[in-house]
$ cat structure-v8.txt   # compact mmCIF, C-alpha atoms
# COMPACT_ATOMS: atom_id res chain seq x y z
CA MET A 1 -31.16 -1.49 -74.83
CA THR A 2 -33.95 -4.01 -74.30
CA ARG A 3 -33.59 -7.76 -74.83
CA SER A 4 -35.66 -7.64 -78.02
CA ARG A 5 -33.48 -4.94 -79.53
CA ARG A 6 -30.31 -6.82 -78.62
CA PHE A 7 -31.77 -9.94 -80.22
CA TYR A 8 -32.68 -8.11 -83.43
CA PHE A 9 -29.24 -6.50 -83.51
CA GLN A 10 -27.43 -9.84 -83.34
CA VAL A 11 -29.75 -11.49 -85.88
CA LEU A 12 -29.19 -8.64 -88.33
CA LEU A 13 -25.44 -8.81 -87.67
CA TRP A 14 -25.27 -12.49 -88.63
CA LEU A 15 -27.66 -11.97 -91.50
CA GLY A 16 -25.18 -9.45 -92.85
CA ILE A 17 -22.30 -11.89 -92.38
CA TRP A 18 -24.20 -14.68 -94.14
CA GLY A 19 -25.10 -12.25 -96.93
CA ALA A 20 -21.44 -11.35 -97.44
CA LEU A 21 -20.48 -15.04 -97.59
CA TRP A 22 -23.30 -15.64 -100.08
CA LEU A 23 -21.98 -12.88 -102.35
CA VAL A 24 -18.44 -14.25 -102.14
CA ASP A 25 -19.75 -17.69 -103.13
CA GLY A 26 -21.28 -16.26 -106.26
CA ALA A 27 -24.79 -15.49 -105.00
CA ASN A 28 -26.08 -18.92 -105.96
CA THR A 29 -29.07 -20.74 -104.55
CA ARG A 30 -26.99 -23.76 -103.52
CA PHE A 31 -25.37 -21.66 -100.75
CA VAL A 32 -28.78 -20.70 -99.36
CA ALA A 33 -29.98 -24.30 -99.51
CA SER A 34 -26.86 -25.56 -97.74
CA ASN A 35 -26.78 -22.98 -94.95
CA GLY A 36 -30.33 -21.68 -94.53
CA LEU A 37 -31.19 -24.20 -91.81
CA ALA A 38 -27.99 -23.34 -89.94
CA PHE A 39 -29.02 -19.67 -89.90
CA VAL A 40 -32.47 -20.61 -88.54
CA PHE A 41 -30.85 -22.61 -85.70
CA GLN A 42 -28.41 -19.75 -85.13
CA THR A 43 -31.36 -17.42 -84.60
CA ILE A 44 -32.97 -19.89 -82.18
CA LEU A 45 -29.71 -20.20 -80.23
CA LEU A 46 -29.38 -16.42 -79.89
CA ALA A 47 -32.99 -16.13 -78.75
CA GLY A 48 -32.44 -18.82 -76.14
CA LEU A 49 -29.24 -17.15 -74.98
CA ILE A 50 -30.70 -13.66 -74.64
CA PHE A 51 -34.10 -14.57 -73.22
CA TYR A 52 -33.26 -17.60 -71.07
CA THR A 53 -29.79 -19.10 -70.59
CA ALA A 54 -27.93 -15.85 -69.96
CA PRO A 55 -30.36 -14.23 -67.47
CA ALA A 56 -31.46 -17.51 -65.83
CA LEU A 57 -28.13 -19.33 -65.67
CA LEU A 58 -25.05 -17.28 -66.63
CA PHE A 59 -25.87 -14.09 -64.71
CA LYS A 60 -26.96 -16.12 -61.69
CA LYS A 61 -23.56 -17.84 -61.66
CA LYS A 62 -24.88 -21.28 -62.60
CA TYR A 63 -21.92 -21.79 -64.88
CA ILE A 64 -22.00 -25.61 -65.10
CA TYR A 65 -25.64 -25.74 -66.19
CA PHE A 66 -25.06 -22.89 -68.63
CA THR A 67 -22.05 -24.64 -70.21
CA LEU A 68 -23.72 -28.05 -70.49
CA ILE A 69 -26.96 -26.68 -71.99
CA SER A 70 -25.04 -24.45 -74.41
CA ILE A 71 -22.77 -27.23 -75.71
CA ALA A 72 -25.68 -29.65 -76.04
CA ALA A 73 -27.77 -27.12 -77.96
CA ILE A 74 -24.89 -26.25 -80.33
CA VAL A 75 -24.08 -29.91 -81.09
CA LEU A 76 -27.74 -30.86 -81.53
CA PHE A 77 -28.54 -27.98 -83.88
CA ALA A 78 -25.33 -28.51 -85.87
CA TRP A 79 -26.16 -32.21 -86.35
CA ILE A 80 -29.76 -31.49 -87.41
CA SER A 81 -28.67 -28.80 -89.86
CA TYR A 82 -26.03 -31.18 -91.28
CA ARG A 83 -28.42 -34.16 -91.45
CA TYR A 84 -31.31 -32.34 -93.11
CA THR A 85 -29.43 -29.80 -95.24
CA VAL A 86 -30.72 -29.65 -98.82
CA GLY A 87 -28.09 -30.78 -101.34
CA GLY A 88 -24.76 -32.39 -100.75
CA PRO A 89 -21.25 -32.64 -102.05
CA PRO A 90 -20.89 -32.24 -105.83
CA PRO A 91 -20.99 -35.52 -107.78
CA ARG A 92 -17.79 -37.22 -108.93
CA PRO A 93 -16.75 -36.28 -112.49
CA LEU A 94 -17.89 -38.89 -115.01
CA GLY A 95 -14.57 -38.77 -116.82
CA ALA A 96 -12.93 -40.48 -113.87
CA GLU A 97 -14.95 -43.65 -114.55
CA ILE A 98 -13.95 -43.94 -118.19
CA ARG A 99 -11.33 -46.57 -118.77
CA GLY A 100 -8.15 -45.30 -120.25
CA MET A 101 -8.60 -41.78 -118.98
CA PRO A 102 -5.82 -40.53 -116.72
CA GLN A 103 -6.92 -40.49 -113.10
CA LEU A 104 -6.76 -37.06 -111.50
CA PRO A 105 -5.35 -36.82 -108.00
CA PRO A 106 -8.11 -36.78 -105.41
CA PRO A 107 -8.91 -33.24 -104.28
CA ASN A 108 -8.19 -32.15 -100.72
CA ARG A 109 -11.06 -33.22 -98.53
CA ALA A 110 -13.09 -30.20 -97.38
CA PRO A 111 -14.34 -29.97 -93.79
CA SER A 112 -17.68 -31.60 -93.27
CA LYS A 113 -20.85 -29.55 -93.06
CA PHE A 114 -21.28 -30.74 -89.48
CA PHE A 115 -17.94 -29.20 -88.50
CA ILE A 116 -18.64 -25.96 -90.37
CA HIS A 117 -22.10 -25.54 -88.88
CA SER A 118 -20.82 -26.41 -85.40
CA LEU A 119 -18.08 -23.81 -85.75
CA ILE A 120 -20.46 -21.10 -86.98
CA LEU A 121 -23.05 -21.81 -84.28
CA ALA A 122 -20.36 -21.85 -81.60
CA LEU A 123 -18.85 -18.56 -82.82
CA SER A 124 -22.22 -16.82 -82.90
CA TYR A 125 -23.06 -18.18 -79.44
CA ILE A 126 -19.72 -17.10 -77.97
CA LEU A 127 -20.01 -13.64 -79.52
CA GLY A 128 -23.59 -13.36 -78.24
CA THR A 129 -22.46 -14.42 -74.77
CA PHE A 130 -19.71 -11.80 -74.81
CA LEU A 131 -22.14 -9.07 -75.88
CA GLU A 132 -24.71 -10.10 -73.27
CA THR A 133 -22.03 -10.18 -70.54
CA PHE A 134 -20.78 -6.75 -71.61
CA TRP A 135 -24.31 -5.33 -71.53
CA PHE A 136 -24.96 -6.94 -68.14
CA ALA A 137 -21.76 -5.43 -66.72
CA GLN A 138 -22.74 -2.00 -68.04
CA LYS A 139 -26.20 -2.35 -66.50
CA LYS A 140 -24.76 -3.40 -63.13
CA ASP A 141 -22.36 -0.45 -63.17
CA LYS A 142 -25.24 1.94 -63.84
CA GLU A 143 -27.30 0.35 -61.08
CA THR A 144 -24.35 0.59 -58.69
CA VAL A 145 -23.85 4.27 -59.48
CA LYS A 146 -27.59 4.92 -59.18
CA ASN A 147 -27.82 3.11 -55.84
CA LYS A 148 -24.75 4.95 -54.59
CA ASN A 149 -26.24 8.30 -55.61
CA GLU A 150 -29.53 7.41 -53.92
CA ALA A 151 -27.66 6.43 -50.77
CA LEU A 152 -25.72 9.70 -50.83
CA LYS A 153 -28.92 11.70 -51.31
CA THR A 154 -30.51 9.90 -48.38
CA GLU A 155 -27.45 10.54 -46.24
CA LEU A 156 -27.44 14.21 -47.21
CA LYS A 157 -31.09 14.54 -46.22
CA LEU A 158 -30.29 12.93 -42.90
CA LEU A 159 -27.37 15.26 -42.31
CA LYS A 160 -29.49 18.29 -43.19
CA SER A 161 -32.27 17.08 -40.91
CA GLN A 162 -29.73 17.08 -38.09
CA ILE A 163 -28.85 20.69 -38.84
CA ASN A 164 -32.28 22.29 -39.04
CA PRO A 165 -33.78 21.08 -35.72
CA HIS A 166 -30.60 22.10 -33.95
CA PHE A 167 -30.82 25.57 -35.46
CA LEU A 168 -34.47 25.88 -34.41
CA PHE A 169 -33.69 24.71 -30.89
CA ASN A 170 -30.93 27.31 -30.46
CA SER A 171 -33.06 30.09 -31.94
CA LEU A 172 -36.03 29.34 -29.69
CA ASN A 173 -33.71 29.29 -26.71
CA ASN A 174 -32.47 32.74 -27.69
CA ILE A 175 -36.02 34.09 -28.11
CA TYR A 176 -37.03 32.60 -24.77
CA ALA A 177 -34.14 34.40 -23.11
CA LEU A 178 -35.18 37.64 -24.82
CA SER A 179 -38.78 37.34 -23.69
CA VAL A 180 -37.55 37.46 -20.13
CA ILE A 181 -35.16 40.38 -20.68
CA ASN A 182 -36.83 42.64 -23.25
CA SER A 183 -40.23 42.10 -24.85
CA ASP A 184 -39.54 44.68 -27.59
CA LYS A 185 -36.52 42.74 -28.80
CA THR A 186 -38.60 39.58 -28.81
CA GLN A 187 -40.67 40.90 -31.71
CA GLN A 188 -37.53 41.78 -33.64
CA SER A 189 -36.05 38.38 -32.96
CA ILE A 190 -39.22 36.67 -34.22
CA SER A 191 -38.88 38.67 -37.45
CA TYR A 192 -35.30 37.45 -37.87
CA LEU A 193 -36.38 33.91 -37.06
CA SER A 194 -39.20 34.10 -39.61
CA ASP A 195 -36.78 35.07 -42.39
CA MET A 196 -34.40 32.31 -41.34
CA LEU A 197 -37.13 29.67 -41.23
CA ARG A 198 -38.33 30.72 -44.66
CA TYR A 199 -34.81 30.20 -45.96
CA VAL A 200 -34.43 26.83 -44.24
CA LEU A 201 -37.83 25.45 -45.24
CA TYR A 202 -37.93 26.60 -48.86
CA GLU A 203 -34.47 27.56 -50.14
CA CYS A 204 -32.53 24.78 -48.43
CA GLU A 205 -34.57 22.09 -50.17
CA GLN A 206 -32.54 22.85 -53.28
CA GLU A 207 -29.13 21.32 -53.89
CA ARG A 208 -27.50 24.72 -54.37
CA VAL A 209 -28.41 28.25 -53.27
CA PRO A 210 -26.91 31.64 -54.12
CA LEU A 211 -24.07 32.56 -51.80
CA SER A 212 -25.75 35.89 -51.05
CA LYS A 213 -28.69 34.08 -49.39
CA GLU A 214 -26.34 32.01 -47.30
CA ILE A 215 -24.59 35.22 -46.19
CA THR A 216 -27.94 36.83 -45.33
CA TYR A 217 -28.83 33.79 -43.25
CA ILE A 218 -25.54 34.05 -41.32
CA GLU A 219 -26.08 37.77 -40.72
CA ASN A 220 -29.61 37.16 -39.41
CA TYR A 221 -28.29 34.41 -37.16
CA ILE A 222 -25.71 36.78 -35.66
CA LYS A 223 -28.33 39.53 -35.27
CA LEU A 224 -30.65 37.10 -33.54
CA TYR A 225 -27.88 36.01 -31.21
CA ALA A 226 -26.86 39.62 -30.52
CA LEU A 227 -30.38 40.47 -29.30
CA LYS A 228 -29.74 38.37 -26.21
CA SER A 229 -27.98 41.33 -24.63
CA SER A 230 -27.96 45.10 -24.83
CA ARG A 231 -24.18 45.03 -24.91
CA PRO A 232 -22.50 44.05 -28.16
CA PHE A 233 -20.70 40.77 -28.37
CA PRO A 234 -17.09 40.71 -29.63
CA ILE A 235 -18.08 39.22 -32.99
CA SER A 236 -16.55 40.65 -36.15
CA THR A 237 -17.47 39.78 -39.72
CA ASP A 238 -15.73 40.39 -43.02
CA PHE A 239 -17.67 39.44 -46.14
CA ASP A 240 -15.84 40.07 -49.41
CA ILE A 241 -18.13 38.66 -52.09
CA GLN A 242 -17.36 39.47 -55.72
CA ASP A 243 -20.43 37.68 -57.07
CA GLY A 244 -23.32 36.80 -54.76
CA THR A 245 -24.98 34.59 -57.37
CA ILE A 246 -22.34 31.86 -57.01
CA MET A 247 -24.15 28.64 -56.09
CA VAL A 248 -23.11 26.75 -52.96
CA ALA A 249 -24.59 23.99 -50.83
CA PRO A 250 -27.02 25.42 -48.24
CA MET A 251 -26.37 25.40 -44.49
CA LEU A 252 -22.72 24.50 -45.00
CA PHE A 253 -21.10 27.34 -43.05
CA ILE A 254 -23.53 27.74 -40.17
CA PRO A 255 -22.32 24.69 -38.14
CA PHE A 256 -18.84 26.23 -37.90
CA MET A 257 -20.36 29.45 -36.61
CA GLU A 258 -22.56 27.59 -34.12
CA ASN A 259 -19.52 25.71 -32.94
CA ALA A 260 -17.66 28.99 -32.39
CA LEU A 261 -20.59 30.52 -30.47
CA LYS A 262 -20.92 27.44 -28.32
CA HIS A 263 -17.27 26.92 -27.40
CA SER A 264 -15.82 30.44 -27.32
CA ASN A 265 -17.73 31.48 -24.17
CA ILE A 266 -18.49 34.71 -26.03
CA GLU A 267 -21.06 35.77 -23.46
CA LYS A 268 -18.25 36.52 -20.99
CA ARG A 269 -16.95 39.11 -23.48
CA GLN A 270 -13.68 39.79 -21.67
CA GLY A 271 -10.84 37.96 -23.38
CA THR A 272 -13.18 36.31 -25.88
CA PHE A 273 -13.79 36.92 -29.56
CA ILE A 274 -15.14 35.44 -32.77
CA LYS A 275 -13.89 36.48 -36.20
CA ILE A 276 -15.81 35.38 -39.27
CA ALA A 277 -14.50 36.04 -42.78
CA ILE A 278 -15.93 34.85 -46.09
CA LYS A 279 -14.31 35.72 -49.39
CA ALA A 280 -15.60 34.56 -52.74
CA THR A 281 -14.44 34.78 -56.33
CA ASN A 282 -15.72 33.06 -59.43
CA ALA A 283 -13.30 30.21 -58.74
CA GLU A 284 -13.58 29.53 -55.01
CA VAL A 285 -15.21 30.40 -51.71
CA GLN A 286 -13.08 30.82 -48.59
CA LEU A 287 -14.36 30.64 -45.03
CA ARG A 288 -12.24 31.48 -42.02
CA ILE A 289 -13.59 31.41 -38.48
CA GLU A 290 -11.42 32.03 -35.47
CA ASN A 291 -12.64 32.00 -31.90
CA SER A 292 -11.08 32.24 -28.48
CA ILE A 293 -10.72 29.20 -26.25
CA PRO A 294 -11.73 29.90 -22.63
CA LYS A 295 -9.38 28.77 -19.90
CA GLU A 296 -12.16 27.69 -17.58
CA THR A 297 -14.43 24.75 -18.26
CA ILE A 298 -17.70 25.53 -20.03
CA TYR A 299 -20.73 23.64 -18.79
CA LYS A 300 -22.66 22.80 -21.93
CA ASP A 301 -26.32 21.96 -22.24
CA LYS A 302 -27.31 18.33 -22.54
CA VAL A 303 -28.44 18.73 -26.15
CA GLY A 304 -25.27 18.69 -28.17
CA GLY A 305 -24.62 20.22 -31.53
CA ILE A 306 -24.41 18.38 -34.79
CA GLY A 307 -20.62 18.25 -34.56
CA LEU A 308 -17.98 18.93 -37.15
CA GLU A 309 -18.09 15.33 -38.38
CA ASN A 310 -21.48 16.07 -39.93
CA VAL A 311 -20.04 18.96 -41.94
CA LYS A 312 -16.98 16.96 -42.95
CA ARG A 313 -19.20 14.21 -44.30
CA ARG A 314 -21.37 16.66 -46.25
CA LEU A 315 -18.25 18.19 -47.77
CA GLN A 316 -17.01 14.76 -48.84
CA ILE A 317 -20.31 14.06 -50.56
CA LEU A 318 -20.99 17.48 -52.08
CA TYR A 319 -17.45 18.58 -52.95
CA PRO A 320 -15.29 15.48 -53.41
CA GLN A 321 -11.71 16.57 -54.14
CA LYS A 322 -12.98 20.13 -54.52
CA HIS A 323 -12.48 21.39 -50.99
CA THR A 324 -9.84 21.72 -48.31
CA LEU A 325 -10.65 21.93 -44.61
CA HIS A 326 -8.07 22.73 -41.96
CA ILE A 327 -8.90 22.95 -38.26
CA HIS A 328 -6.27 24.22 -35.84
CA ASN A 329 -6.34 24.39 -32.06
CA ASN A 330 -3.29 26.36 -31.05
CA GLY A 331 -4.29 28.94 -28.45
CA THR A 332 -7.29 29.81 -30.58
CA PHE A 333 -9.62 27.62 -32.57
CA ILE A 334 -9.30 28.29 -36.31
CA VAL A 335 -11.32 26.80 -39.15
CA LYS A 336 -10.22 27.33 -42.75
CA LEU A 337 -12.45 26.03 -45.51
CA VAL A 338 -11.86 26.50 -49.23
CA ILE A 339 -14.42 25.28 -51.76
CA ARG A 340 -13.66 25.30 -55.47
CA VAL A 341 -16.72 26.34 -57.41
CA ASN A 342 -17.42 26.92 -61.07
CA GLY A 343 -19.09 30.29 -61.22
CA LYS A 344 -22.88 29.93 -61.27
CA ASP A 345 -22.91 26.20 -62.02

$ encode --input "structure-v8.txt" --output "structure tokens"
Amino acid sequence: MTRSRRFYFQVLLWLGIWGALWLVDGANTRFVASNGLAFVFQTILLAGLIFYTAPALLFKKKYIYFTLISIAAIVLFAWISYRYTVGGPPPRPLGAEIRGMPQLPPPNRAPSKFFIHSLILALSYILGTFLETFWFAQKKDKETVKNKNEALKTELKLLKSQINPHFLFNSLNNIYALSVINSDKTQQSISYLSDMLRYVLYECEQERVPLSKEITYIENYIKLYALKSSRPFPISTDFDIQDGTIMVAPMLFIPFMENALKHSNIEKRQGTFIKIAIKATNAEVQLRIENSIPKETIYKDKVGGIGLENVKRRLQILYPQKHTLHIHNNGTFIVKLVIRVNGKD
């Protein structure tokens, strides 16, 4: 709600209150003459509050200046409205001046117009201050949430940018190795890489992708890796997908598989293995990857992977309180990830 709309809302609110008081007083013109100037000053006070004192002083934590200016304005306007109000107290009954007439007891003295107008102006100003503070707090909350979402989106883009170059680097390394071993397989590997790049460049720009496309990407990645040798690698897969249209975050599973390929020493084949299982229902997606841990030290390349911390952070952002991740290192390295999804949403 804009400042102008908030101003009109408060003016109409007090106009309604004054109208109700006018009807209670008998809808006479004396009420309008006595309080019309107070309503004008009330409107001026609200305008000053909404358009100046609140944004320039109160919301910038200049509380002393705000308090002093507010009190001075209320007192000044109350005095002017009291001093220049049309009409005055009703005249004294003439019968009281007639000698011999019994004197009536003096009526209870009513509060002065200055006090009444001061009270009304103060109440309207306090209510306006409360409403402006409430609106300001709501606006700050929305800005905080918006800024947080923008920061999370930026962080997600950064995390994804760390994934894609690493994938490309590994794939090109594999194709380079194939070009030395078998030129025929090089063409096949380029075909796999083309499909994978198309997925990464176009599909992964979306927040969610169908699970079936993520599975296809993983299968192509394994096929591309398998072309490095004429002998099969001890890699087994088990994909039990009830509905491939379930939407998941892209490139979420591949870092676990890359980690398994990198640290299992699968190229030695003997005594090594990688088992990949993905099961999906309409309620959740389960990933389980288990790989062997070599006894000898593996000399890794200088360019490291993105690490599991990257994936953990993406999971915290994309699936807060909707995922469980367990990583065990007890003879074999096991990753268990469960993501709670809501069908195709």

$ residues_around --input "structure-v8.txt" --residues "Leu261 in chain A" --least-positions-apart "4" --cutoff "10 Å" --atoms "all atoms listed in the file" --output "number ranges by chain"
A: 222, 225, 235, 255-257, 265-267, 273-274, 291-292

$ atom_distance --input "structure-v8.txt" --atom1 "CA of Tyr199 in chain A" --atom2 "CA of Met251 in chain A"
9.8 Å

$ closest_residue --input "structure-v8.txt" --among "A:Ala277, A:Asn310, A:Ser4, A:Ser229" --to "Val180 in chain A" --atoms "only C-alpha atoms"
A:Ser229

$ atom_distance --input "structure-v8.txt" --atom1 "CA of His323 in chain A" --atom2 "CA of Arg340 in chain A"
6.1 Å
